[in-house]
Structure formats: structure tokens, C-alpha cells
>>> print(open('protein-v2.cif').read())   # mmCIF, C-alpha atoms and all ligand atoms
data_coords
#
loop_
_atom_site.group_PDB
_atom_site.id
_atom_site.type_symbol
_atom_site.label_atom_id
_atom_site.label_comp_id
_atom_site.auth_asym_id
_atom_site.auth_seq_id
_atom_site.Cartn_x
_atom_site.Cartn_y
_atom_site.Cartn_z
ATOM 1 C CA MET A 59 -10.494 -3.430 -21.148
ATOM 2 C CA ALA A 60 -8.048 -0.712 -20.225
ATOM 3 C CA VAL A 61 -4.532 -1.003 -18.851
ATOM 4 C CA GLU A 62 -4.492 0.296 -15.281
ATOM 5 C CA GLN A 63 -1.920 0.883 -12.575
ATOM 6 C CA LEU A 64 -2.404 0.432 -8.852
ATOM 7 C CA LEU A 65 -0.580 0.603 -5.544
ATOM 8 C CA ILE A 66 -0.109 -2.534 -3.485
ATOM 9 C CA LEU A 67 1.345 -2.355 -0.003
ATOM 10 C CA ILE A 68 2.408 -5.343 2.041
ATOM 11 C CA LYS A 69 1.413 -3.929 5.424
ATOM 12 C CA PRO A 70 3.550 -4.358 8.591
ATOM 13 C CA ASP A 71 1.666 -7.519 9.664
ATOM 14 C CA GLY A 72 2.449 -9.105 6.291
ATOM 15 C CA VAL A 73 6.128 -8.197 6.685
ATOM 16 C CA LYS A 74 6.256 -9.385 10.313
ATOM 17 C CA LYS A 75 4.560 -12.697 9.523
ATOM 18 C CA SER A 76 7.064 -13.275 6.697
ATOM 19 C CA LEU A 77 4.258 -13.430 4.152
ATOM 20 C CA THR A 78 5.946 -11.402 1.399
ATOM 21 C CA GLY A 79 6.677 -14.435 -0.781
ATOM 22 C CA ASN A 80 3.205 -15.936 -0.352
ATOM 23 C CA ILE A 81 1.522 -12.609 -1.110
ATOM 24 C CA LEU A 82 3.586 -11.922 -4.244
ATOM 25 C CA THR A 83 2.959 -15.480 -5.456
ATOM 26 C CA LYS A 84 -0.803 -15.090 -5.041
ATOM 27 C CA LEU A 85 -0.759 -11.684 -6.751
ATOM 28 C CA SER A 86 1.232 -13.105 -9.669
ATOM 29 C CA GLU A 87 -1.830 -15.190 -10.624
ATOM 30 C CA ALA A 88 -3.255 -11.989 -12.142
ATOM 31 C CA ARG A 89 -0.254 -11.778 -14.529
ATOM 32 C CA MET A 90 0.376 -8.105 -13.898
ATOM 33 C CA VAL A 91 3.822 -6.540 -14.185
ATOM 34 C CA ILE A 92 5.626 -4.707 -11.388
ATOM 35 C CA ILE A 93 6.811 -1.277 -12.573
ATOM 36 C CA GLY A 94 8.024 0.062 -9.207
ATOM 37 C CA SER A 95 8.932 -1.424 -5.833
ATOM 38 C CA LYS A 96 10.594 -0.376 -2.589
ATOM 39 C CA THR A 97 10.642 -0.674 1.203
ATOM 40 C CA VAL A 98 9.205 2.365 2.986
ATOM 41 C CA LYS A 99 9.432 3.338 6.637
ATOM 42 C CA VAL A 100 6.006 4.881 7.180
ATOM 43 C CA SER A 101 5.931 8.338 8.777
ATOM 44 C CA ARG A 102 2.866 9.706 10.552
ATOM 45 C CA GLU A 103 2.449 12.240 7.763
ATOM 46 C CA LEU A 104 2.524 9.595 5.041
ATOM 47 C CA ALA A 105 0.074 7.387 6.986
ATOM 48 C CA GLU A 106 -2.351 10.304 7.446
ATOM 49 C CA LYS A 107 -2.166 11.303 3.782
ATOM 50 C CA HIS A 108 -2.627 7.725 2.608
ATOM 51 C CA TYR A 109 -5.755 7.168 4.732
ATOM 52 C CA TRP A 110 -7.103 10.765 4.763
ATOM 53 C CA GLN A 111 -10.564 9.634 3.609
ATOM 54 C CA LEU A 112 -10.963 7.635 6.835
ATOM 55 C CA LYS A 113 -9.901 10.462 9.177
ATOM 56 C CA ASP A 114 -13.333 10.693 10.818
ATOM 57 C CA LYS A 115 -13.647 6.946 11.494
ATOM 58 C CA PRO A 116 -13.424 5.793 15.121
ATOM 59 C CA PHE A 117 -10.636 3.358 14.214
ATOM 60 C CA PHE A 118 -8.463 6.018 12.496
ATOM 61 C CA PRO A 119 -5.847 6.398 15.317
ATOM 62 C CA GLU A 120 -5.422 2.600 15.500
ATOM 63 C CA LEU A 121 -5.252 2.426 11.696
ATOM 64 C CA LEU A 122 -2.345 4.912 11.687
ATOM 65 C CA ASP A 123 -0.562 2.897 14.393
ATOM 66 C CA TYR A 124 -1.127 -0.248 12.338
ATOM 67 C CA ILE A 125 0.192 1.028 8.997
ATOM 68 C CA GLN A 126 3.202 2.498 10.844
ATOM 69 C CA GLY A 127 3.854 -0.824 12.567
ATOM 70 C CA LYS A 128 3.534 0.769 16.002
ATOM 71 C CA ILE A 129 1.238 -1.994 17.192
ATOM 72 C CA PHE A 130 4.125 -4.388 16.595
ATOM 73 C CA GLY A 131 6.511 -2.302 18.697
ATOM 74 C CA GLY A 132 8.022 -0.220 15.881
ATOM 75 C CA ALA A 133 11.368 -1.181 14.291
ATOM 76 C CA PRO A 134 11.938 -3.472 12.495
ATOM 77 C CA TRP A 135 8.185 -3.692 11.810
ATOM 78 C CA ASP A 136 7.710 0.019 11.114
ATOM 79 C CA ARG A 137 7.775 -0.402 7.340
ATOM 80 C CA VAL A 138 5.843 -1.651 4.375
ATOM 81 C CA LEU A 139 6.792 -3.021 0.963
ATOM 82 C CA ALA A 140 5.302 -0.859 -1.769
ATOM 83 C CA PHE A 141 4.632 -1.966 -5.357
ATOM 84 C CA VAL A 142 3.150 -0.392 -8.451
ATOM 85 C CA TYR A 143 1.511 -3.022 -10.630
ATOM 86 C CA GLN A 144 0.239 -2.545 -14.167
ATOM 87 C CA GLY A 145 -2.031 -4.586 -16.387
ATOM 88 C CA GLU A 146 -5.435 -5.015 -17.999
ATOM 89 C CA ASP A 147 -8.268 -4.407 -15.541
ATOM 90 C CA ALA A 148 -5.614 -4.464 -12.825
ATOM 91 C CA ILE A 149 -7.582 -2.887 -9.982
ATOM 92 C CA ALA A 150 -10.577 -5.237 -10.027
ATOM 93 C CA ARG A 151 -8.411 -8.299 -10.593
ATOM 94 C CA MET A 152 -5.944 -7.514 -7.824
ATOM 95 C CA ARG A 153 -8.696 -6.578 -5.362
ATOM 96 C CA LYS A 154 -10.310 -9.938 -6.004
ATOM 97 C CA ILE A 155 -7.062 -11.708 -5.106
ATOM 98 C CA ALA A 156 -6.605 -9.419 -2.066
ATOM 99 C CA GLY A 157 -10.128 -10.163 -0.806
ATOM 100 C CA ALA A 158 -12.735 -8.188 1.118
ATOM 101 C CA THR A 159 -11.672 -5.468 3.574
ATOM 102 C CA ASN A 160 -12.953 -7.412 6.589
ATOM 103 C CA PRO A 161 -10.770 -10.543 6.834
ATOM 104 C CA GLU A 162 -13.607 -12.488 8.463
ATOM 105 C CA GLU A 163 -15.806 -11.855 5.434
ATOM 106 C CA ALA A 164 -13.067 -12.303 2.842
ATOM 107 C CA ASP A 165 -12.955 -15.373 0.610
ATOM 108 C CA PRO A 166 -10.784 -17.835 2.579
ATOM 109 C CA ILE A 167 -8.426 -18.364 -0.333
ATOM 110 C CA SER A 168 -7.922 -14.619 -0.874
ATOM 111 C CA ILE A 169 -4.871 -13.018 0.766
ATOM 112 C CA ARG A 170 -6.930 -11.267 3.428
ATOM 113 C CA GLY A 171 -9.116 -14.315 4.036
ATOM 114 C CA ALA A 172 -6.119 -16.597 4.429
ATOM 115 C CA TYR A 173 -3.832 -14.336 6.469
ATOM 116 C CA GLY A 174 -5.877 -11.468 7.961
ATOM 117 C CA ARG A 175 -7.367 -11.115 11.434
ATOM 118 C CA ILE A 176 -9.299 -8.606 13.508
ATOM 119 C CA THR A 177 -7.298 -7.278 16.449
ATOM 120 C CA THR A 178 -8.726 -6.995 19.958
ATOM 121 C CA LYS A 179 -8.865 -3.208 19.344
ATOM 122 C CA GLY A 180 -11.054 -3.889 16.326
ATOM 123 C CA VAL A 181 -8.644 -2.992 13.513
ATOM 124 C CA TYR A 182 -8.886 -5.095 10.383
ATOM 125 C CA GLU A 183 -5.307 -6.345 10.158
ATOM 126 C CA ASN A 184 -5.623 -7.441 6.552
ATOM 127 C CA VAL A 185 -2.034 -7.828 5.347
ATOM 128 C CA VAL A 186 -2.258 -5.842 2.107
ATOM 129 C CA HIS A 187 -3.383 -2.502 0.768
ATOM 130 C CA CYS A 188 -4.805 -2.508 -2.736
ATOM 131 C CA SER A 189 -5.996 0.640 -4.561
ATOM 132 C CA SER A 190 -9.751 0.645 -5.111
ATOM 133 C CA GLU A 191 -10.298 2.887 -8.149
ATOM 134 C CA ILE A 192 -8.332 4.599 -10.917
ATOM 135 C CA SER A 193 -8.310 8.111 -9.412
ATOM 136 C CA GLU A 194 -7.348 6.776 -5.973
ATOM 137 C CA ALA A 195 -4.635 4.617 -7.509
ATOM 138 C CA GLU A 196 -3.119 7.684 -9.192
ATOM 139 C CA ARG A 197 -3.249 9.708 -5.974
ATOM 140 C CA GLU A 198 -1.680 6.882 -3.979
ATOM 141 C CA ILE A 199 1.054 6.087 -6.534
ATOM 142 C CA LYS A 200 2.034 9.795 -6.639
ATOM 143 C CA LEU A 201 2.063 9.890 -2.830
ATOM 144 C CA TRP A 202 4.319 6.833 -2.413
ATOM 145 C CA PHE A 203 6.559 7.012 -5.502
ATOM 146 C CA LYS A 204 8.655 9.648 -7.268
ATOM 147 C CA PRO A 205 8.571 9.591 -11.084
ATOM 148 C CA GLU A 206 12.125 8.191 -11.304
ATOM 149 C CA GLU A 207 11.203 5.255 -9.045
ATOM 150 C CA ILE A 208 8.820 3.878 -11.652
ATOM 151 C CA VAL A 209 10.396 2.308 -14.737
ATOM 152 C CA TYR A 210 8.533 4.589 -17.129
ATOM 153 C CA ASN A 211 6.313 7.642 -16.927
ATOM 154 C CA ILE A 212 2.733 6.605 -16.308
ATOM 155 C CA TYR A 213 1.595 10.166 -15.553
ATOM 156 C CA PRO A 214 2.762 13.503 -16.998
ATOM 157 C CA THR A 215 5.897 14.894 -15.340
ATOM 158 C CA LYS A 216 7.626 18.268 -15.192
ATOM 159 C CA GLU A 217 11.218 19.357 -14.683
ATOM 160 C CA ILE A 218 11.883 21.263 -11.473
ATOM 161 C CA THR A 219 15.092 22.885 -10.233
ATOM 162 C CA ILE A 220 15.712 22.782 -6.518
ATOM 163 C CA GLU A 221 18.524 25.091 -5.460
ATOM 164 C CA ASN A 222 20.803 24.422 -2.484
ATOM 165 C CA LYS A 223 19.223 21.029 -2.018
ATOM 166 C CA LYS A 224 21.302 18.668 0.115
ATOM 167 C CA GLU A 225 21.360 15.010 -0.813
ATOM 168 C CA THR A 226 22.821 12.030 1.011
ATOM 169 C CA ALA A 227 25.343 10.053 -1.014
ATOM 170 C CA TRP A 228 27.371 6.937 -0.229
ATOM 171 C CA ALA A 229 30.559 8.011 1.583
HETATM 172 P P1 LIG B 1 -9.677 -1.317 1.639
HETATM 173 O O1 LIG B 1 -8.304 -1.443 2.267
HETATM 174 O O2 LIG B 1 -10.303 -2.662 1.364
HETATM 175 O O3 LIG B 1 -9.689 -0.406 0.433
HETATM 176 P P2 LIG B 1 -10.789 0.884 3.206
HETATM 177 O O4 LIG B 1 -12.225 1.125 3.484
HETATM 178 O O5 LIG B 1 -10.094 1.787 2.254
HETATM 179 O O6 LIG B 1 -10.630 -0.651 2.742
HETATM 180 O O7 LIG B 1 -10.035 0.905 4.629
HETATM 181 C C1 LIG B 1 -8.645 1.003 4.723
HETATM 182 C C2 LIG B 1 -8.163 0.073 5.820
HETATM 183 O O8 LIG B 1 -8.735 0.461 7.092
HETATM 184 C C3 LIG B 1 -8.599 -1.386 5.661
HETATM 185 O O9 LIG B 1 -7.760 -2.116 4.775
HETATM 186 C C4 LIG B 1 -8.538 -1.901 7.094
HETATM 187 O O10 LIG B 1 -7.180 -2.185 7.492
HETATM 188 C C5 LIG B 1 -9.039 -0.691 7.877
HETATM 189 N N1 LIG B 1 -10.492 -0.715 8.072
HETATM 190 C C6 LIG B 1 -11.455 -0.383 7.170
HETATM 191 N N2 LIG B 1 -12.678 -0.477 7.669
HETATM 192 C C7 LIG B 1 -12.518 -0.882 8.963
HETATM 193 C C8 LIG B 1 -13.456 -1.143 10.033
HETATM 194 O O11 LIG B 1 -14.686 -1.033 9.897
HETATM 195 N N3 LIG B 1 -12.913 -1.542 11.214
HETATM 196 C C9 LIG B 1 -11.575 -1.684 11.403
HETATM 197 N N4 LIG B 1 -10.657 -1.431 10.434
HETATM 198 C C10 LIG B 1 -11.127 -1.035 9.219
HETATM 199 MG MG MG B 2 -9.310 1.666 0.310
#
>>> encode(input="protein-v2.cif", output="C-alpha cells", more="lines below")
Ligand code: IDP
Ligand code: MG
Amino acid sequence: MAVEQLLILIKPDGVKKSLTGNILTKLSEARMVIIGSKTVKVSRELAEKHYWQLKDKPFFPELLDYIQGKIFGGAPWDRVLAFVYQGEDAIARMRKIAGATNPEEADPISIRGAYGRITTKGVYENVVHCSSEISEAEREIKLWFKPEEIVYNIYPTKEITIENKKETAWA
């Protein structure tokens, strides 16, 4: 079995319901290692890129509002916790712990089965995102993380020079 990487997001409902600890504890049963982690305020652009494959679905506008935390009134629920996990057969094993997409159909002791719900607008509020295949995992990890935010290079990198680039530093 091959070593894989994947993106896990604790979605705004998971953050708002203070489920971070419970979710990370459940995920740790798979004995994967975390090789990148951060809190991300989710822009419209990032939300659209992340879920681009679902752009024609009727629930797409609500899905964007959900992942941006807008359905919870925005700040401080306008963010997600993002993790890159690595391990043997990581994608299948983590998706099993996450549970089925529809929280009503998910195994009740999976994360989504235990903590998810379907909103009155019909969005599956299912607490976590979990990459579903190797190529998608790579696309998602590259979308959410810069190379230097992951403890070692999991994909090829290149050196680029950006001239006149302004950066914010601690004052
Ligand atoms: P996944 O998250 O299990 O990989 P996807 O099909 O990639 O499932 O859908 C992304 C997200 O969109 C889901 O996690 C869920 O929040 C939402 N979603 C997917 N299908 C539906 C649906 O039929 N109705 C409402 N929301 C959905
Ligand atoms: Mg998916």
C-alpha cells in the first residue's frame, strides 16, 4: 500500500460547535501524521476553486456560503482549520473515519454521522472536508498550502523571483 497525502478541513460548523478536539481525536485513530496545518479565512475565490467540480449543482451557492461561514453570520466563523495528513492508504482510511457525504446516511460513529446535519436549505453540513482521490488531494493541497507551509516537499517545487513584492512583517 502506498503512502498518500490528503487535505482535511474542519469546516466552519465544526469550528463553531467547538468540535476541533473531537475531530482530531477521531482522525488520530488512523495513525497518520500531520505535515501541515493552519487556520484559513475562506475567500469567495478560494471557496469556488475548492468546489469547482460542483459549480453546476443547485446547492452550489449555499455550499459557498457554508464553507465561508456566511451561514453562521461571518466572523468569527468565517474560517476553517486546514491540515495535510500523510500515511499508508491515507485517503480511504480517513474518508472512512469522516463518513459518508450525507450525514443522515453516514455511519453514526463516523465524524459526519455523529456531528453532521442537513440544514433547512438542504446543505449537507458535514463538519469536515476530506480529499477523495490522489489527484484531487494534490490539487487541493496545492490550492490551500504553499510549499514552505508543509514540513517537507511532497511535490516538485521551483524557485521563483518576485520583484517589488510587498510583504507584511511584525512591526
Ligand atoms: P465529499 O465532501 O464527501 O467529498 P462532495 O460530493 O465532494 O462530497 O461534495 C462536497 C460537499 O458539498 C459535501 O461535503 C457537502 O457539504 C456538500 N454536498 C454534496 N452533495 C450534496 C447534496 O446532494 N446536497 C447538499 N449538499 C451536498
Ligand atoms: Mg469531494
>>> residues_around(input="protein-v2.cif", residues="range 90-100 of chain A", least_positions_apart="6", cutoff="12 Å", atoms="all atoms listed in the file", output="PyMOL selection string")
chain A and resi 61-70+73+78+82-84+106-108+122-128+132-152+199-212
>>> residues_near_ligand(input="protein-v2.cif", ligand="ligand LIG 1 (chain B)", cutoff="6 Å", atoms="all atoms listed in the file", output="VMD selection string")
chain A and resid 117 159 180 to 184 187 190
>>> atom_distance(input="protein-v2.cif", atom1="CA of Glu194 in chain A", atom2="CA of Ile129 in chain A")
26.2 Å
>>> closest_residue(input="protein-v2.cif", among="A:Gly157, A:Pro116, A:Gly72, A:Pro214", to="ligand MG 2 (chain B)", atoms="all atoms listed in the file")
A:Gly157
>>> residues_around(input="protein-v2.cif", residues="Tyr109 in chain A", least_positions_apart="5", cutoff="9 Å", atoms="only C-alpha atoms", output="list in words")
Leu104, Phe118, Leu121 and Leu122 of chain A
>>> axis_aligned_box(input="protein-v2.cif", around="range 179-187 of chain A", padding_each_side="5 Å", output="lines of an AutoDock Vina configuration file")
center_x = -6.5
center_y = -5.2
center_z = 10.1
size_x = 19.0
size_y = 15.3
size_z = 28.6
>>> atom_distance(input="protein-v2.cif", atom1="CA of Ser86 in chain A", atom2="CA of Val186 in chain A")
14.3 Å
>>> closest_residue(input="protein-v2.cif", among="A:Ala164, A:Ala158, A:Phe130, A:Glu103", to="Cys188 in chain A", atoms="only C-alpha atoms")
A:Ala158
>>> atom_distance(input="protein-v2.cif", atom1="CA of Asp71 in chain A", atom2="CA of Pro161 in chain A")
13.1 Å
>>> closest_residue(input="protein-v2.cif", among="A:Ala105, A:Gln111, A:Met59, A:Arg170", to="Leu85 in chain A", atoms="only C-alpha atoms")
A:Arg170
>>> closest_residue(input="protein-v2.cif", among="A:Leu77, A:Ala88, A:Val185, A:Ala195", to="ligand MG 2 (chain B)", atoms="only C-alpha atoms and all ligand atoms")
A:Ala195
>>> closest_residue(input="protein-v2.cif", among="A:Glu162, A:Ile167, A:Thr226, A:Arg153", to="ligand MG 2 (chain B)", atoms="only C-alpha atoms and all ligand atoms")
A:Arg153
>>> closest_residue(input="protein-v2.cif", among="A:Trp110, A:Glu221, A:Ala227, A:Ala60", to="ligand MG 2 (chain B)", atoms="only C-alpha atoms and all ligand atoms")
A:Trp110
>>> decode(input="protein-v2.cif", residues="range 117-129 of chain A", atoms="all heavy atoms", output="compact mmCIF listing (two decimals), in the first residue's frame")
# COMPACT_ATOMS: atom_id res chain seq x y z
N PHE A 117 -27.16 23.30 -5.22
CA PHE A 117 -26.79 23.75 -3.88
C PHE A 117 -25.46 24.51 -3.85
O PHE A 117 -24.98 24.86 -2.77
CB PHE A 117 -26.74 22.55 -2.91
CG PHE A 117 -25.81 21.43 -3.34
CD1 PHE A 117 -24.45 21.49 -3.06
CD2 PHE A 117 -26.29 20.33 -4.03
CE1 PHE A 117 -23.58 20.47 -3.45
CE2 PHE A 117 -25.44 19.30 -4.43
CZ PHE A 117 -24.08 19.38 -4.15
N PHE A 118 -24.87 24.78 -5.03
CA PHE A 118 -23.54 25.41 -5.06
C PHE A 118 -23.48 26.76 -4.33
O PHE A 118 -22.57 26.98 -3.51
CB PHE A 118 -23.05 25.55 -6.51
CG PHE A 118 -21.62 26.00 -6.65
CD1 PHE A 118 -20.57 25.23 -6.16
CD2 PHE A 118 -21.31 27.21 -7.27
CE1 PHE A 118 -19.25 25.64 -6.29
CE2 PHE A 118 -19.99 27.63 -7.40
CZ PHE A 118 -18.97 26.84 -6.90
N PRO A 119 -24.44 27.69 -4.56
CA PRO A 119 -24.35 28.98 -3.84
C PRO A 119 -24.39 28.80 -2.32
O PRO A 119 -23.62 29.45 -1.59
CB PRO A 119 -25.59 29.75 -4.33
CG PRO A 119 -25.95 29.11 -5.63
CD PRO A 119 -25.58 27.66 -5.50
N GLU A 120 -25.24 27.89 -1.84
CA GLU A 120 -25.32 27.63 -0.39
C GLU A 120 -24.04 26.96 0.11
O GLU A 120 -23.60 27.23 1.22
CB GLU A 120 -26.52 26.74 -0.06
CG GLU A 120 -27.87 27.45 -0.11
CD GLU A 120 -28.41 27.61 -1.52
OE1 GLU A 120 -28.01 26.83 -2.41
OE2 GLU A 120 -29.24 28.52 -1.74
N LEU A 121 -23.45 26.12 -0.74
CA LEU A 121 -22.21 25.44 -0.36
C LEU A 121 -21.08 26.46 -0.17
O LEU A 121 -20.29 26.37 0.79
CB LEU A 121 -21.84 24.41 -1.45
CG LEU A 121 -20.59 23.58 -1.23
CD1 LEU A 121 -20.68 22.75 0.05
CD2 LEU A 121 -20.34 22.66 -2.43
N LEU A 122 -21.02 27.46 -1.06
CA LEU A 122 -20.00 28.51 -0.92
C LEU A 122 -20.24 29.32 0.36
O LEU A 122 -19.30 29.64 1.09
CB LEU A 122 -20.01 29.45 -2.13
CG LEU A 122 -19.66 28.82 -3.49
CD1 LEU A 122 -19.59 29.89 -4.56
CD2 LEU A 122 -18.35 28.04 -3.44
N ASP A 123 -21.50 29.64 0.64
CA ASP A 123 -21.82 30.37 1.88
C ASP A 123 -21.44 29.54 3.11
O ASP A 123 -20.97 30.08 4.11
CB ASP A 123 -23.32 30.69 1.95
CG ASP A 123 -23.69 31.83 1.00
OD1 ASP A 123 -22.78 32.48 0.46
OD2 ASP A 123 -24.90 32.06 0.80
N TYR A 124 -21.64 28.25 3.01
CA TYR A 124 -21.32 27.34 4.13
C TYR A 124 -19.82 27.30 4.38
O TYR A 124 -19.36 27.55 5.51
CB TYR A 124 -21.89 25.96 3.79
CG TYR A 124 -21.40 24.81 4.64
CD1 TYR A 124 -21.14 24.96 6.00
CD2 TYR A 124 -21.22 23.55 4.07
CE1 TYR A 124 -20.69 23.88 6.76
CE2 TYR A 124 -20.79 22.47 4.83
CZ TYR A 124 -20.51 22.65 6.17
OH TYR A 124 -20.07 21.58 6.91
N ILE A 125 -19.02 27.02 3.35
CA ILE A 125 -17.58 26.85 3.57
C ILE A 125 -16.92 28.19 3.95
O ILE A 125 -15.89 28.22 4.61
CB ILE A 125 -16.89 26.20 2.33
CG1 ILE A 125 -15.51 25.63 2.69
CG2 ILE A 125 -16.78 27.15 1.17
CD1 ILE A 125 -15.51 24.41 3.57
N GLN A 126 -17.60 29.30 3.61
CA GLN A 126 -17.10 30.62 4.03
C GLN A 126 -17.66 31.05 5.39
O GLN A 126 -17.36 32.13 5.87
CB GLN A 126 -17.50 31.69 3.00
CG GLN A 126 -16.77 31.60 1.68
CD GLN A 126 -17.11 32.80 0.83
OE1 GLN A 126 -18.14 32.84 0.14
NE2 GLN A 126 -16.27 33.81 0.91
N GLY A 127 -18.50 30.22 5.97
CA GLY A 127 -19.07 30.54 7.27
C GLY A 127 -20.13 31.62 7.23
O GLY A 127 -20.58 32.11 8.27
N LYS A 128 -20.58 31.99 6.04
CA LYS A 128 -21.57 33.07 5.95
C LYS A 128 -22.89 32.68 6.59
O LYS A 128 -23.59 33.53 7.13
CB LYS A 128 -21.81 33.45 4.48
CG LYS A 128 -20.67 34.25 3.90
CD LYS A 128 -21.04 34.82 2.55
CE LYS A 128 -19.92 35.67 2.01
NZ LYS A 128 -20.12 36.02 0.61
N ILE A 129 -23.22 31.39 6.52
CA ILE A 129 -24.49 30.97 7.12
C ILE A 129 -24.46 31.05 8.65
O ILE A 129 -25.48 30.94 9.30
CB ILE A 129 -24.93 29.55 6.66
CG1 ILE A 129 -23.87 28.49 6.96
CG2 ILE A 129 -25.26 29.53 5.18
CD1 ILE A 129 -24.36 27.06 6.70
